[in-house]
Amino acid sequence: MPSDTSSPISLSRRELLAATATASAVAAAGCAGTESVPDDQRWSQFGFDTANTAHNPDAEGPAEEPTVAWVRVGGSYYRNSTQPLVGDAVYANAWHDGVFALDPADGSVRWHDGDADNTQLTPALAEGTLAFPTRDGFRGVAADGGLRAFGRAVGYGRWRTDLDYPQSPPSVADGLLVAGIGANHSADGGRVAAVDAADGTVRWEFPVETSVWGAPAVADGVVYAAARDDDQRDAETQGTVHAIDLADGTEVWSRPLGESPRFNPVGAPVVGDGLVYVPTGTGPLVALGAESGEEVWRADPPEGVQASPALAGGVLYAGCLDGTLRALDAATGEVEWTGEAQTYYGGPTVGERGVYAVGSGGEVVSWTRDGRERWRVAIDPPVSGSPVPAEGRLFVGTGDGLLYALE
């Protein structure tokens with residue numbers, strides 16, 4: 001599709017470090033703005049909702065080719081498909097540099113948690129609590145940073161849960177945080193765990209043979225988690241999708257994806273319209289029946305689908321490793337249109353104004369829902385996360401430690 005515009009942003013990390021050094025120093029000193037984001041444009045967890053659809057119909061991204069509203073310099077942002085959150089603040093997990101709550105208006109720091117045990121995963125917002133993964137489980141803290149008294153935060157830390165090493169972002173459903181716990185870092189092996197978002201109590205744990213990297217999806221009281229095989233040298237490796245009862249953690253069904261090293265899910269599954277959509281890594285995008293686990297269709301672009309797709313209005317938007325964005329009929333898997341861009345390690349998102357995706361080389365592209373390219377710009381690579389639209393802006397983090405607000 002031809003582009004409406006062709007003048008890209010192109011800013012290197014070095015240029016941005018120089019340009020933002022003063023602003024960052026002021027922000028670190030505690031000078032913050034007061035802007036918030038309307039409730040209907042917020043993005044409180046990975047994939048936006050419990051089903052991981054990555055679709056907020058009210059969230060407004062940039063109306064036309066964007067410029068940089070602000071950029072925050074931090075640590076290494078984001079592994080595959082990880083993203084910032086938007087609530088009263090923009091929450092950014094900078095891994096070794098900690099978790100930042102930033103003012104949406106100017107990127108100034110409202111509060112910062114520099115816990116060295118953080119892992120590089122998307123946190124989640126639940127009833128005023130920000131829950132984020134650490135090396136030994138999850139922490140729940142006050143999303144507003146707590147009250148400040150005599151230079152200290154009061155009422156900030158709320159709970160901490162010991163679960164060894166989370167390897168997926170948490171999903172929030174019915175007051176529970178549901179996440180994958182890694183096999184390689186846990187004495188108890190791989191599993192999916194449900195934690196009470198109010199107090200950190202572990203409600204149940206479901207064992208899996210390997211690891212779950214993608215945020216579990218939840219629909220109609222069932223958790224869907226895609227487990228990968230961590231030994232990619234094994235020619236008979238295979239991923240498995242597990243359906244788990246949200247209430248008590250019992251198995252509903254489990255379905256192996258196939259004996260091939262291509263079937264090794266990294267991204268998160270998506271649920272909708274009676275189907276579970278699973279990106280298998282360097283293999284196809286597979287649709288399974290939500291009630292039975294039986295395969296309904298598969299789409300197999302040349303190099304596979306690693307990133308989580310987005311689901312909106314009966315259309316599945318998949319960022320592919322061959323450098324295409326494909327819009328598929330969600331019921332049949334038939335291709336409705338294809339957009340050309342870059343290799344996608346992070347999934348697309350959908351807002352009120354269209355579809356957004358960021359390629360690994362830093363190319364940010366927006367399409368209308370029917371496939372007309374709206375604009376494309378370039379930010380500093382590498383990028384393996386997903387963009388988040390809100391209030392006329394697009395928030396995206398890079399692997400080189402930059403968090404952009406484009407408007």
# chains A, B, ... in the order shown; residues from 1 in each chain; ligands from 1
>>> residues_around(residues="Ser168 in chain A", least_positions_apart="5", cutoff="8 Å", atoms="only C-alpha atoms", output="PyMOL selection string")
chain A and resi 121+179-181+212-216
>>> select_by_dssp(residues="range 271-369 of chain A", states="strand (DSSP E or B)", output="PyMOL selection string")
chain A and resi 271-272+275-279+281+285-289+295-299+310-312+315-319+324-329+335-340+349-351+354-358+363-367
>>> write_last_selection(atoms="N, CA and C atoms", output="compact mmCIF listing (two decimals), in the first residue's frame")
# COMPACT_ATOMS: atom_id res chain seq x y z
N VAL A 271 -7.89 -14.73 22.69
CA VAL A 271 -9.16 -15.46 22.68
C VAL A 271 -10.27 -14.56 22.17
N GLY A 272 -11.14 -15.12 21.32
CA GLY A 272 -12.30 -14.38 20.86
C GLY A 272 -13.10 -15.18 19.86
N LEU A 275 -12.67 -18.97 19.59
CA LEU A 275 -11.39 -19.55 19.17
C LEU A 275 -10.25 -19.02 20.03
N VAL A 276 -9.18 -19.80 20.09
CA VAL A 276 -7.93 -19.39 20.73
C VAL A 276 -6.87 -19.29 19.63
N TYR A 277 -6.26 -18.12 19.49
CA TYR A 277 -5.29 -17.88 18.43
C TYR A 277 -3.90 -17.92 19.06
N VAL A 278 -3.04 -18.81 18.53
CA VAL A 278 -1.74 -19.06 19.15
C VAL A 278 -0.62 -18.81 18.15
N PRO A 279 0.24 -17.80 18.38
CA PRO A 279 1.45 -17.65 17.57
C PRO A 279 2.47 -18.68 18.03
N GLY A 281 5.72 -19.17 17.21
CA GLY A 281 7.16 -18.89 17.16
C GLY A 281 7.61 -18.72 15.73
N LEU A 285 0.50 -19.43 12.68
CA LEU A 285 -0.50 -18.94 13.61
C LEU A 285 -1.65 -19.95 13.58
N VAL A 286 -1.98 -20.52 14.73
CA VAL A 286 -2.95 -21.62 14.79
C VAL A 286 -4.18 -21.16 15.56
N ALA A 287 -5.36 -21.50 15.04
CA ALA A 287 -6.62 -21.22 15.72
C ALA A 287 -7.21 -22.53 16.23
N LEU A 288 -7.46 -22.59 17.55
CA LEU A 288 -8.03 -23.77 18.19
C LEU A 288 -9.42 -23.44 18.72
N GLY A 289 -10.30 -24.42 18.75
CA GLY A 289 -11.59 -24.24 19.38
C GLY A 289 -11.43 -24.00 20.86
N GLU A 295 -7.96 -28.09 16.37
CA GLU A 295 -7.52 -27.09 15.41
C GLU A 295 -8.62 -26.78 14.42
N VAL A 296 -8.84 -25.47 14.19
CA VAL A 296 -9.85 -25.02 13.25
C VAL A 296 -9.20 -24.52 11.96
N TRP A 297 -8.13 -23.75 12.07
CA TRP A 297 -7.37 -23.33 10.89
C TRP A 297 -5.96 -22.94 11.30
N ARG A 298 -5.09 -22.82 10.31
CA ARG A 298 -3.75 -22.30 10.54
C ARG A 298 -3.33 -21.43 9.38
N ALA A 299 -2.60 -20.37 9.67
CA ALA A 299 -2.00 -19.49 8.66
C ALA A 299 -0.49 -19.62 8.81
N ALA A 310 -3.40 -9.12 17.23
CA ALA A 310 -4.46 -8.28 17.78
C ALA A 310 -5.78 -8.70 17.13
N LEU A 311 -6.86 -8.62 17.88
CA LEU A 311 -8.18 -9.05 17.40
C LEU A 311 -9.16 -7.90 17.54
N ALA A 312 -9.80 -7.54 16.41
CA ALA A 312 -10.76 -6.44 16.43
C ALA A 312 -11.78 -6.63 15.32
N VAL A 315 -11.46 -9.50 12.78
CA VAL A 315 -10.21 -9.53 12.00
C VAL A 315 -9.04 -9.70 12.96
N LEU A 316 -8.13 -10.57 12.58
CA LEU A 316 -6.92 -10.84 13.37
C LEU A 316 -5.75 -10.18 12.64
N TYR A 317 -5.02 -9.31 13.36
CA TYR A 317 -3.87 -8.61 12.78
C TYR A 317 -2.60 -9.25 13.32
N ALA A 318 -1.80 -9.81 12.42
CA ALA A 318 -0.61 -10.57 12.83
C ALA A 318 0.65 -9.95 12.24
N GLY A 319 1.60 -9.61 13.11
CA GLY A 319 2.91 -9.17 12.67
C GLY A 319 3.80 -10.39 12.46
N THR A 324 5.87 -8.68 7.17
CA THR A 324 4.54 -8.26 6.74
C THR A 324 3.60 -8.17 7.94
N LEU A 325 2.62 -7.29 7.81
CA LEU A 325 1.50 -7.23 8.74
C LEU A 325 0.31 -7.79 7.97
N ARG A 326 -0.27 -8.89 8.46
CA ARG A 326 -1.36 -9.54 7.74
C ARG A 326 -2.66 -9.42 8.52
N ALA A 327 -3.70 -9.01 7.80
CA ALA A 327 -5.03 -8.96 8.37
C ALA A 327 -5.77 -10.21 7.90
N LEU A 328 -6.20 -11.04 8.87
CA LEU A 328 -6.80 -12.33 8.56
C LEU A 328 -8.25 -12.36 9.04
N ASP A 329 -9.09 -13.02 8.29
CA ASP A 329 -10.44 -13.28 8.76
C ASP A 329 -10.33 -14.18 10.00
N VAL A 335 -6.51 -14.40 4.26
CA VAL A 335 -5.86 -13.09 4.26
C VAL A 335 -6.78 -12.05 3.62
N GLU A 336 -7.04 -10.96 4.35
CA GLU A 336 -7.86 -9.88 3.81
C GLU A 336 -6.99 -8.79 3.19
N TRP A 337 -5.85 -8.48 3.79
CA TRP A 337 -4.89 -7.56 3.19
C TRP A 337 -3.54 -7.75 3.86
N THR A 338 -2.50 -7.28 3.19
CA THR A 338 -1.13 -7.42 3.69
C THR A 338 -0.42 -6.07 3.61
N GLY A 339 0.24 -5.67 4.68
CA GLY A 339 1.05 -4.46 4.71
C GLY A 339 2.52 -4.81 4.79
N GLU A 340 3.34 -4.09 4.06
CA GLU A 340 4.77 -4.35 4.04
C GLU A 340 5.48 -3.46 5.05
N THR A 349 -1.14 -3.40 17.71
CA THR A 349 -2.23 -2.97 18.57
C THR A 349 -3.25 -2.23 17.72
N VAL A 350 -4.49 -2.15 18.23
CA VAL A 350 -5.56 -1.49 17.48
C VAL A 350 -6.24 -0.47 18.39
N GLY A 351 -6.38 0.75 17.89
CA GLY A 351 -7.08 1.80 18.61
C GLY A 351 -8.21 2.36 17.79
N GLY A 354 -7.03 3.19 14.12
CA GLY A 354 -6.46 2.19 13.23
C GLY A 354 -5.52 1.23 13.92
N VAL A 355 -4.65 0.63 13.11
CA VAL A 355 -3.73 -0.43 13.54
C VAL A 355 -2.32 0.15 13.63
N TYR A 356 -1.58 -0.26 14.67
CA TYR A 356 -0.21 0.23 14.87
C TYR A 356 0.73 -0.96 15.05
N ALA A 357 1.92 -0.84 14.47
CA ALA A 357 2.93 -1.89 14.65
C ALA A 357 4.31 -1.26 14.55
N VAL A 358 5.28 -1.86 15.26
CA VAL A 358 6.66 -1.37 15.24
C VAL A 358 7.58 -2.52 14.87
N GLU A 363 10.86 0.91 12.64
CA GLU A 363 9.87 1.55 11.78
C GLU A 363 8.48 1.41 12.39
N VAL A 364 7.84 2.54 12.68
CA VAL A 364 6.50 2.57 13.25
C VAL A 364 5.52 2.85 12.12
N VAL A 365 4.51 1.99 11.98
CA VAL A 365 3.56 2.13 10.87
C VAL A 365 2.15 2.10 11.40
N SER A 366 1.28 2.91 10.79
CA SER A 366 -0.14 2.88 11.10
C SER A 366 -0.94 2.64 9.84
N TRP A 367 -1.90 1.73 9.94
CA TRP A 367 -2.83 1.44 8.85
C TRP A 367 -4.26 1.70 9.32
>>> closest_residue(among="A:Arg203, A:Arg228, A:Arg262, A:Arg353", to="Ala247 in chain A", atoms="only C-alpha atoms")
A:Arg203
>>> closest_atom_pairs(of="range 190-270 of chain A", to="range 134-147 of chain A", cutoff="9 Å", atoms="only C-alpha atoms", output="JSON lines")
{"residue": "A:Val195", "atom": "CA", "partner": "A:Phe138", "partner_atom": "CA", "distance": 8.9}
{"residue": "A:Ala197", "atom": "CA", "partner": "A:Gly140", "partner_atom": "CA", "distance": 7.7}
{"residue": "A:Ala198", "atom": "CA", "partner": "A:Gly140", "partner_atom": "CA", "distance": 8.3}
{"residue": "A:Asp199", "atom": "CA", "partner": "A:Gly140", "partner_atom": "CA", "distance": 8.0}
{"residue": "A:Gly200", "atom": "CA", "partner": "A:Gly140", "partner_atom": "CA", "distance": 7.3}
>>> write_last_selection(atoms="N, CA and C atoms", output="PDB file, in the first residue's frame")
ATOM      1  N   VAL A 195      -2.588 -15.553  41.335  1.00  0.00           N
ATOM      2  CA  VAL A 195      -2.291 -14.812  42.559  1.00  0.00           C
ATOM      3  C   VAL A 195      -3.400 -13.798  42.803  1.00  0.00           C
ATOM      4  N   ALA A 197      -4.854 -10.456  43.424  1.00  0.00           N
ATOM      5  CA  ALA A 197      -4.291  -9.138  43.177  1.00  0.00           C
ATOM      6  C   ALA A 197      -4.397  -8.218  44.383  1.00  0.00           C
ATOM      7  N   ALA A 198      -5.272  -8.544  45.341  1.00  0.00           N
ATOM      8  CA  ALA A 198      -5.459  -7.685  46.509  1.00  0.00           C
ATOM      9  C   ALA A 198      -4.394  -7.887  47.571  1.00  0.00           C
ATOM     10  N   ASP A 199      -3.963  -9.145  47.770  1.00  0.00           N
ATOM     11  CA  ASP A 199      -3.031  -9.403  48.870  1.00  0.00           C
ATOM     12  C   ASP A 199      -1.857 -10.307  48.508  1.00  0.00           C
ATOM     13  N   GLY A 200      -1.779 -10.759  47.256  1.00  0.00           N
ATOM     14  CA  GLY A 200      -0.652 -11.578  46.825  1.00  0.00           C
ATOM     15  C   GLY A 200      -0.740 -13.045  47.185  1.00  0.00           C
TER      16      GLY A 200
END
>>> residues_around(residues="Gln342 in chain A", least_positions_apart="6", cutoff="7 Å", atoms="only C-alpha atoms", output="mmCIF file with C-alpha atoms, in the first residue's frame")
data_model
loop_
_atom_site.group_PDB
_atom_site.id
_atom_site.type_symbol
_atom_site.label_atom_id
_atom_site.label_comp_id
_atom_site.auth_asym_id
_atom_site.auth_seq_id
_atom_site.Cartn_x
_atom_site.Cartn_y
_atom_site.Cartn_z
ATOM 1 C CA GLY A 323 8.256 -8.398 7.443
ATOM 2 C CA THR A 324 4.535 -8.263 6.744
ATOM 3 C CA GLY A 359 9.263 -3.382 13.349
ATOM 4 C CA SER A 360 12.515 -4.598 14.839
ATOM 5 C CA GLY A 361 14.402 -1.907 12.897
#
>>> atom_distance(atom1="CA of Glu352 in chain A", atom2="CA of Pro389 in chain A")
8.8 Å
